[in-house]
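**Q** Got a structure for you, input_15.cif, holding mmCIF, C-alpha atoms.
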```
data_input
loop_
_atom_site.label_atom_id
_atom_site.label_comp_id
_atom_site.auth_asym_id
_atom_site.auth_seq_id
_atom_site.Cartn_x
_atom_site.Cartn_y
_atom_site.Cartn_z
CA MET A 209 -47.48 -162.02 93.08
CA HIS A 210 -50.58 -163.63 91.63
CA THR A 211 -51.36 -167.00 90.16
CA ILE A 212 -53.31 -166.77 86.90
CA LEU A 213 -55.45 -169.76 85.99
CA ARG A 214 -56.69 -169.85 82.43
CA GLU A 215 -59.96 -171.58 81.54
CA VAL A 216 -60.08 -174.16 78.79
CA GLY A 217 -60.64 -172.42 75.52
CA PHE A 218 -58.24 -169.54 76.11
CA LEU A 219 -54.94 -171.25 75.46
CA THR A 220 -54.81 -169.59 72.07
CA ILE A 221 -54.04 -165.89 72.04
CA LEU A 222 -56.58 -164.05 69.91
CA ALA A 223 -55.53 -160.99 67.97
CA ILE A 224 -57.87 -158.02 67.86
CA ALA A 225 -59.15 -157.20 64.40
CA PHE A 226 -58.23 -153.67 63.49
CA SER A 227 -60.35 -153.34 60.39
CA LEU A 228 -62.44 -150.42 61.48
CA PRO A 229 -65.54 -149.55 59.47
CA THR A 230 -65.42 -146.23 57.70
CA LEU A 231 -67.51 -143.47 59.17
CA GLY A 232 -70.42 -142.48 56.99
CA THR A 233 -70.03 -139.35 54.97
CA GLN A 234 -73.58 -138.19 55.60
CA HIS A 235 -74.60 -136.41 58.79
CA ARG A 236 -70.96 -135.96 59.71
CA PRO A 237 -70.55 -134.00 62.96
CA SER A 238 -68.77 -130.65 62.95
CA TYR A 239 -65.94 -132.00 65.14
CA ALA A 240 -63.34 -134.52 64.01
CA PRO A 241 -64.47 -138.19 64.30
CA ARG A 242 -61.35 -138.99 66.34
CA ASP A 243 -62.80 -136.89 69.19
CA LEU A 244 -65.10 -139.84 69.98
CA LEU A 245 -64.64 -143.59 70.24
CA ASN A 246 -67.79 -144.53 68.38
CA VAL A 247 -65.88 -146.90 66.08
CA LEU A 248 -63.88 -149.64 67.82
CA PRO A 249 -62.94 -153.30 67.20
CA SER A 250 -65.80 -155.60 68.19
CA ALA A 251 -63.63 -157.23 70.88
CA LEU A 252 -63.96 -153.99 72.87
CA ASP A 253 -67.73 -153.58 72.49
CA VAL A 254 -68.64 -154.92 75.93
CA HIS A 255 -66.10 -152.67 77.63
CA ALA A 256 -67.07 -149.59 75.65
CA ALA A 257 -70.70 -150.25 76.57
CA ALA A 258 -69.76 -150.58 80.25
CA ILE A 259 -68.12 -147.13 80.26
CA GLY A 260 -71.28 -145.61 78.82
CA SER A 261 -72.40 -142.97 76.40
CA ARG A 262 -69.62 -140.45 76.94
CA ILE A 263 -67.18 -142.25 74.65
CA ARG A 264 -69.61 -142.78 71.78
CA PHE A 265 -71.86 -139.71 71.62
CA SER A 266 -71.22 -135.98 71.57
CA GLY A 267 -71.99 -133.79 74.55
CA LYS A 268 -69.86 -135.45 77.26
CA GLU A 269 -66.42 -135.69 75.67
CA ARG A 270 -64.77 -133.69 78.48
CA THR A 271 -64.60 -134.83 82.10
CA VAL A 272 -63.43 -132.65 84.98
CA PHE A 273 -62.25 -134.53 88.09
CA ALA A 274 -61.56 -132.94 91.46
CA GLY A 275 -60.19 -134.71 94.50
CA LEU A 276 -57.27 -135.37 96.80
CA LEU A 277 -53.90 -136.83 95.89
CA LEU A 278 -52.45 -138.80 98.81
CA THR A 279 -48.80 -139.95 98.71
CA GLU A 280 -47.17 -142.82 100.57
CA ARG A 281 -45.56 -140.20 102.84
CA GLY A 282 -48.98 -139.07 104.01
CA SER A 283 -49.11 -135.71 102.22
CA SER A 284 -52.49 -134.72 100.80
CA THR A 285 -52.91 -132.27 97.90
CA PRO A 286 -56.11 -131.02 96.24
CA ILE A 287 -56.02 -131.60 92.50
CA ARG A 288 -58.17 -130.91 89.46
CA ILE A 289 -57.80 -132.97 86.29
CA SER A 290 -59.56 -132.35 82.99
CA VAL A 291 -59.63 -135.02 80.30
CA GLN A 292 -61.06 -134.55 76.82
CA LEU A 293 -61.37 -137.24 74.19
CA PRO A 294 -59.36 -138.48 72.51
CA ASN A 295 -56.53 -137.95 75.02
CA LEU A 296 -56.07 -134.32 76.05
CA VAL A 297 -55.14 -133.97 79.73
CA ARG A 298 -54.85 -130.88 81.95
CA LEU A 299 -53.52 -130.98 85.54
CA GLU A 300 -54.31 -128.05 87.82
CA GLU A 301 -53.85 -127.11 91.48
CA ILE A 302 -51.22 -129.79 92.07
CA ARG A 303 -48.75 -127.08 93.12
CA PRO A 304 -49.64 -123.65 94.62
CA ASN A 305 -49.71 -120.82 92.06
CA ALA A 306 -48.31 -123.08 89.33
CA ILE A 307 -49.40 -122.94 85.72
CA PRO A 308 -51.39 -125.99 84.54
CA VAL A 309 -49.56 -129.02 83.16
CA VAL A 310 -51.13 -129.84 79.80
CA PHE A 311 -50.77 -132.73 77.35
CA ASP A 312 -52.16 -132.11 73.86
CA GLY A 313 -52.38 -135.81 72.98
CA THR A 314 -49.30 -135.75 70.75
CA ASN A 315 -46.37 -133.68 72.00
CA PRO A 316 -44.45 -134.74 75.12
CA VAL A 317 -44.56 -132.65 78.28
CA PHE A 318 -41.67 -131.62 80.51
CA THR A 319 -43.16 -131.74 84.00
CA ASN A 320 -41.92 -130.41 87.34
CA SER A 321 -42.15 -133.73 89.16
CA ARG A 322 -42.32 -137.44 88.53
CA THR A 323 -45.81 -137.48 90.04
CA GLU A 324 -47.06 -135.04 87.40
CA GLU A 325 -45.47 -137.18 84.67
CA GLN A 326 -47.12 -140.30 86.08
CA LEU A 327 -50.54 -138.62 86.36
CA LEU A 328 -50.34 -137.56 82.71
CA GLU A 329 -49.53 -141.13 81.72
CA ILE A 330 -52.37 -142.53 83.81
CA PHE A 331 -55.05 -140.26 82.37
CA SER A 332 -53.81 -140.35 78.76
CA SER A 333 -52.70 -143.99 78.51
CA ASP A 334 -53.57 -146.24 81.47
CA THR A 335 -57.33 -145.69 81.54
CA ALA A 336 -59.82 -147.67 79.46
CA GLU A 337 -60.31 -144.64 77.23
CA GLY A 338 -56.54 -144.25 76.82
CA MET A 339 -56.25 -147.88 75.78
CA MET A 340 -59.14 -147.57 73.31
CA VAL A 341 -57.66 -144.44 71.75
CA ALA A 342 -54.36 -146.28 71.26
CA VAL A 343 -56.14 -149.26 69.67
CA LYS A 344 -58.21 -147.04 67.41
CA GLU A 345 -55.08 -145.21 66.27
CA GLY A 346 -53.29 -148.45 65.35
CA ALA A 347 -51.38 -149.65 68.42
CA ALA A 348 -50.41 -153.31 68.39
CA ALA A 349 -52.99 -155.10 70.55
CA THR A 350 -53.89 -158.65 71.49
CA LEU A 351 -56.82 -160.16 73.35
CA VAL A 352 -55.02 -162.50 75.76
CA GLY A 353 -58.19 -164.15 77.04
CA ARG A 354 -61.68 -163.70 78.41
CA ARG A 355 -62.83 -164.69 81.88
CA VAL A 356 -59.27 -165.45 82.95
CA LEU A 357 -59.13 -166.48 86.61
CA GLU A 358 -56.77 -164.72 88.97
CA ALA A 359 -56.31 -165.67 92.62
CA ALA A 360 -53.93 -164.31 95.23
CA ASP A 361 -51.32 -166.81 96.36
CA GLY A 362 -52.71 -168.89 99.21
CA ALA A 363 -56.26 -167.56 98.80
CA HIS A 364 -59.36 -169.73 99.02
CA GLN A 365 -60.67 -171.05 95.73
CA GLU A 366 -63.70 -168.77 96.04
CA ALA A 367 -61.51 -165.66 96.36
CA VAL A 368 -60.85 -165.25 92.65
CA ASP A 369 -61.53 -162.63 90.03
CA ARG A 370 -62.25 -163.10 86.36
CA PHE A 371 -60.70 -160.73 83.87
CA ASP A 372 -60.79 -159.99 80.16
CA ILE A 373 -57.14 -159.19 79.49
CA PHE A 374 -55.78 -157.13 76.61
CA GLU A 375 -52.13 -156.54 75.74
CA VAL A 376 -51.32 -153.25 74.01
CA ALA A 377 -47.89 -152.07 72.85
CA GLY A 378 -46.92 -148.55 71.88
CA PRO A 379 -45.10 -145.35 72.87
CA VAL A 380 -46.13 -143.19 75.84
CA ARG A 381 -46.37 -139.87 74.02
CA SER A 382 -46.77 -137.68 77.09
CA ILE A 383 -43.23 -138.50 78.32
CA PRO A 384 -40.30 -136.66 76.62
CA THR A 385 -38.42 -139.90 75.94
CA SER A 386 -41.62 -141.50 74.51
CA PRO A 387 -40.77 -144.92 75.93
CA ASP A 388 -42.38 -147.97 74.35
CA ARG A 389 -44.47 -149.88 76.85
CA LEU A 390 -46.18 -153.25 76.70
CA LYS A 391 -49.25 -152.83 78.90
CA LEU A 392 -51.77 -155.35 80.19
CA TYR A 393 -55.30 -154.07 80.77
CA PHE A 394 -57.45 -156.17 83.12
CA PHE A 395 -61.19 -155.64 82.66
CA ASP A 396 -63.59 -157.16 85.19
CA SER A 397 -65.43 -159.87 83.26
CA GLU A 398 -68.65 -159.31 85.21
CA THR A 399 -68.92 -155.53 85.00
CA GLY A 400 -66.85 -154.91 81.87
CA LEU A 401 -65.02 -152.08 83.66
CA LEU A 402 -61.25 -151.65 83.90
CA ALA A 403 -59.84 -153.00 87.17
CA LYS A 404 -56.10 -152.41 86.65
CA THR A 405 -53.31 -151.74 84.19
CA GLN A 406 -49.89 -153.37 84.56
CA TYR A 407 -46.54 -152.77 82.85
CA LEU A 408 -42.78 -152.63 83.35
CA ASP A 409 -41.36 -149.12 83.70
CA GLU A 410 -37.78 -149.25 82.47
CA THR A 411 -37.11 -145.58 83.22
CA PHE A 412 -36.40 -146.79 86.77
CA SER A 413 -33.13 -148.53 87.61
CA PRO A 414 -33.73 -151.37 88.15
CA PRO A 415 -37.02 -151.45 86.18
CA ALA A 416 -40.17 -151.34 88.29
CA ASN A 417 -43.38 -153.34 87.96
CA ILE A 418 -46.21 -150.81 87.82
CA GLU A 419 -49.86 -151.40 88.64
CA ILE A 420 -52.55 -148.75 88.28
CA SER A 421 -55.83 -149.82 89.88
CA PHE A 422 -59.27 -148.33 89.25
CA SER A 423 -62.00 -148.97 91.80
CA ASP A 424 -65.21 -147.69 93.40
CA TRP A 425 -66.79 -147.13 90.02
CA ARG A 426 -69.93 -145.03 89.98
CA ARG A 427 -72.36 -143.91 87.32
CA GLU A 428 -72.97 -140.27 86.46
CA ALA A 429 -75.27 -139.11 83.66
CA GLY A 430 -75.21 -142.48 81.90
CA SER A 431 -71.46 -143.13 82.17
CA ALA A 432 -69.18 -144.95 84.61
CA TYR A 433 -66.18 -143.36 86.35
CA PRO A 434 -63.65 -144.70 88.89
CA VAL A 435 -63.67 -142.78 92.17
CA ARG A 436 -60.35 -144.20 93.39
CA ILE A 437 -57.14 -144.57 91.36
CA GLU A 438 -53.98 -146.00 92.92
CA ARG A 439 -50.42 -146.43 91.65
CA LYS A 440 -48.16 -149.19 92.98
CA GLU A 441 -44.50 -149.85 92.20
CA ASN A 442 -43.25 -153.40 92.84
CA GLY A 443 -46.35 -153.97 94.94
CA HIS A 444 -45.88 -150.92 97.16
CA PRO A 445 -48.40 -148.01 97.09
CA VAL A 446 -46.90 -144.77 95.76
CA PHE A 447 -49.95 -142.51 95.62
CA SER A 448 -53.70 -142.68 95.42
CA LEU A 449 -56.26 -140.30 94.00
CA THR A 450 -59.70 -140.10 95.59
CA LEU A 451 -62.18 -138.14 93.50
CA SER A 452 -64.87 -136.12 95.24
CA SER A 453 -66.33 -134.50 92.13
CA ILE A 454 -66.79 -135.81 88.59
CA THR A 455 -68.42 -133.58 85.97
CA ALA A 456 -69.22 -134.56 82.38
CA LEU A 457 -69.18 -131.62 79.96
CA PRO A 458 -69.29 -130.97 76.21
CA ARG A 459 -66.00 -130.79 74.37
CA GLN A 460 -64.09 -127.54 74.53
CA ASP A 461 -62.24 -126.06 71.60
CA PRO A 462 -58.83 -127.77 71.82
CA THR A 463 -56.95 -124.45 71.83
CA SER A 464 -59.07 -123.18 74.73
CA PHE A 465 -58.66 -126.49 76.56
CA LEU A 466 -54.90 -126.31 76.29
CA THR A 467 -54.30 -122.61 76.91
CA GLY A 468 -57.32 -121.00 78.49
CA PRO A 469 -59.41 -121.36 81.65
CA GLN A 470 -61.57 -124.46 81.92
CA GLU A 471 -65.27 -123.86 81.31
CA ASP A 472 -67.57 -125.69 83.72
#
```
Please render this file's structure as structure tokens.
**A**
Amino acid sequence: MHTILREVGFLTILAIAFSLPTLGTQHRPSYAPRDLLNVLPSALDVHAAAIGSRIRFSGKERTVFAGLLLTERGSSTPIRISVQLPNLVRLEEIRPNAIPVVFDGTNPVFTNSRTEEQLLEIFSSDTAEGMMVAVKEGAAATLVGRRVLEAADGAHQEAVDRFDIFEVAGPVRSIPTSPDRLKLYFFDSETGLLAKTQYLDETFSPPANIEISFSDWRREAGSAYPVRIERKENGHPVFSLTLSSITALPRQDPTSFLTGPQED
């Protein structure tokens, strides 16, 4: 458990303005504007800038991650994950000789394991990009506060973090039941990068408190990426993903992304 100390000035919850400016009709790119996040509420500007150019400009809309998935039981599995804006996700190599698990951004996916389902949710919904896509597409969102202090129980006063916290409500479209989730996104106030996402998963009985943490951020080709992603349930680690390779690529035709081999 954590104790959250709010600074003076953040007692009032501030709603995010969703009035998005209309994209200009001149010099319109050949791809759909929704493929990028170049138009967002001003409250997200600092966090969009921290992620870098890949979410605002064409040429790096697709990211291919490769790494190792380590479970709490000690098993280690190589995995390859492709993500293309706005929220297309493709999981490969998680099971030997298995066909890829693919989420098209809209239609739910019937997976072969709970881990696959959770990975789809992480990369389509729990990341900073997933949150921004949801906000851009009209999800109910609130800015809870900026530079909110959080300290572990019993920690020294110096051992605190400051977060910009956003609350976003909406369905998880990758899951067949499309459960509604109220998620809290904690952005590091100093770096602007996403530190963790928290929510209650009521598909468990009893419901479980979920935390997805993003750490060891590094910059590649003008954009920031987390190298380590960890999932906890009720405070206990379930699995972690350590990425050894991160490649930014131009967008792929959506049909090819979903059905064909991935172009590197």
**Q** To one decimal place, how far is atom CA of Ala257 of chain A from atom CA of Thr314 of chain A in Å?
**A**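 Taking atom CA of Ala257 of chain A as the start and atom CA of Thr314 of chain A as the end point, the length is 26.5 Å.
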**Q** Taking the file as I've supplied it (selection: the PyMOL selection byres ((chain A and resi 310) around 9)), which residues are included? Please answer as a list in words.
**A** Leu296, Val297, Arg298, Leu299, Glu300, Pro308, Val309, Phe311, Asp312, Val317, Leu328, Phe465, Leu466 and Thr467 of chain A
**Q** Interatomic distance between atom CA of Phe374 of chain A and atom CA of Val435 of chain A?
**A**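 We find that atom CA of Phe374 of chain A and atom CA of Val435 of chain A lie 22.6 Å from each other.
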**Q** How far is it from atom CA of Asp372 of chain A to atom CA of Val356 of chain A, in Å with one decimal?
**A**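 Atom CA of Asp372 of chain A sits 6.3 Å away from atom CA of Val356 of chain A.
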**Q** Tell me which of A:Gly400, A:Pro379, A:Pro387, A:Pro286 sits closest to Ser453 of chain A, counting all atoms listed in the file.
**A**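 Of A:Gly400, A:Pro379, A:Pro387, A:Pro286, the one nearest Ser453 of chain A is A:Pro286, counting all atoms listed in the file.
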